[in-house]
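A.B. asks: Would you mind keeping the following structure in view while I ask a few things?
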Amino acid sequence: MTDMSVMHGMTASIAPVFFKAACPDCRARFELGAGSLRLAIGASRRTTFYSFTCPECGSSVRKPAGERIVELLTGGGVRTLRLHSTV
């Protein structure tokens, strides 16, 4: 697994989900809400990834997403784009 883990909020109603992430450019570590992340699911490992903008340095970050990351992100409400093959 990469630098991604899930933390659930502590409220009695629908709790917001935050994900721990890190920027490879500035090395900052932070938490992001589901609305700050995007998940793209493709036909292969190379085309399945998540992305976000680093809140510290503004870099666009794209990281591979294995099965566990996909499960965590989709379960946490991250917007998902399914990539289709044009074969």
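Residue names in the structure tokens use chain letters A, B, ... in the order shown, residue numbers from 1 in each chain, and ligand numbers from 1 in the order shown.
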Taking the backbone alone, and naming residues the way the document does, which bits of chain A are helix (DSSP H, G or I) by DSSP, as an MDAnalysis selection string?
C.D. replies: chainID A and resid 34:36 45:47 67:75
A.B. asks: As a PyMOL selection string, please: all residues of chain A that backbone DSSP puts in strand (DSSP E).
C.D. replies: chain A and resi 5-8+17-22+29-33+38-41+49-53+60-64+79-82
A.B. asks: Within 9 Å of Glu56 in chain A, counting only C-alpha atoms, which residues qualify if same-chain residues fewer than 4 places away don't, as a PyMOL selection string?
C.D. replies: chain A and resi 23+26+28-30
A.B. asks: Considering only C-alpha atoms, can you say which of A:Glu31, A:Leu73, A:Asp25, A:Gly66 comes closest to Arg45 in chain A?
C.D. replies: A:Gly66
A.B. asks: Might you pull out every residue within 10 Å of His84 in chain A, with only C-alpha atoms counted and same-chain residues fewer than 3 positions away left off, and present them as a PyMOL selection string?
C.D. replies: chain A and resi 41-43+81+87
A.B. asks: Could you take the residues named above and write them with C-alpha atoms, as a PDB file, in the first residue's frame?
C.D. replies:
```pdb
ATOM      1  CA  ILE A  41     -10.176   2.950 -12.566  1.00  0.00           C
ATOM      2  CA  GLY A  42      -8.750   1.563 -15.771  1.00  0.00           C
ATOM      3  CA  ALA A  43      -8.251  -1.850 -17.310  1.00  0.00           C
ATOM      4  CA  LEU A  81     -14.060   7.781 -13.109  1.00  0.00           C
ATOM      5  CA  VAL A  87     -10.599  -1.631 -28.566  1.00  0.00           C
TER       6      VAL A  87
END
```
A.B. asks: Suppose you want the space between CA of Ser51 in chain A and CA of Ala34 in chain A; what is it in Å?
C.D. replies: 11.2 Å
A.B. asks: I need the residue nearest Ser44 in chain A from this list: A:Gly77, A:Leu72, A:Phe19, A:Ala65. Use only C-alpha atoms for the distance.
C.D. replies: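 The closest residue to Ser44 in chain A is A:Ala65.
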A.B. asks: Hey, can you check how far CA of Val70 in chain A sits from CA of Leu39 in chain A?
C.D. replies: 7.6 Å
A.B. asks: Could you pull the residues within 12 Å of range 59-62 of chain A, counting only C-alpha atoms, minus those fewer than 2 positions along the same chain, as a VMD selection string?
C.D. replies: chain A and resid 2 to 3 21 to 28 36 to 40 46 to 57 64 to 65
A.B. asks: Just how far from CA of Gly33 in chain A is CA of Leu83 in chain A, in Å to one decimal?
C.D. replies: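 Distance between the two atoms: 22.9 Å.
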A.B. asks: So, counting only C-alpha atoms, which residue among A:Glu71, A:Leu32, A:Gly76, A:Arg82 is closest to Ala15 in chain A?
C.D. replies: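 Answer, going by the shortest atom-to-atom distance: A:Gly76.
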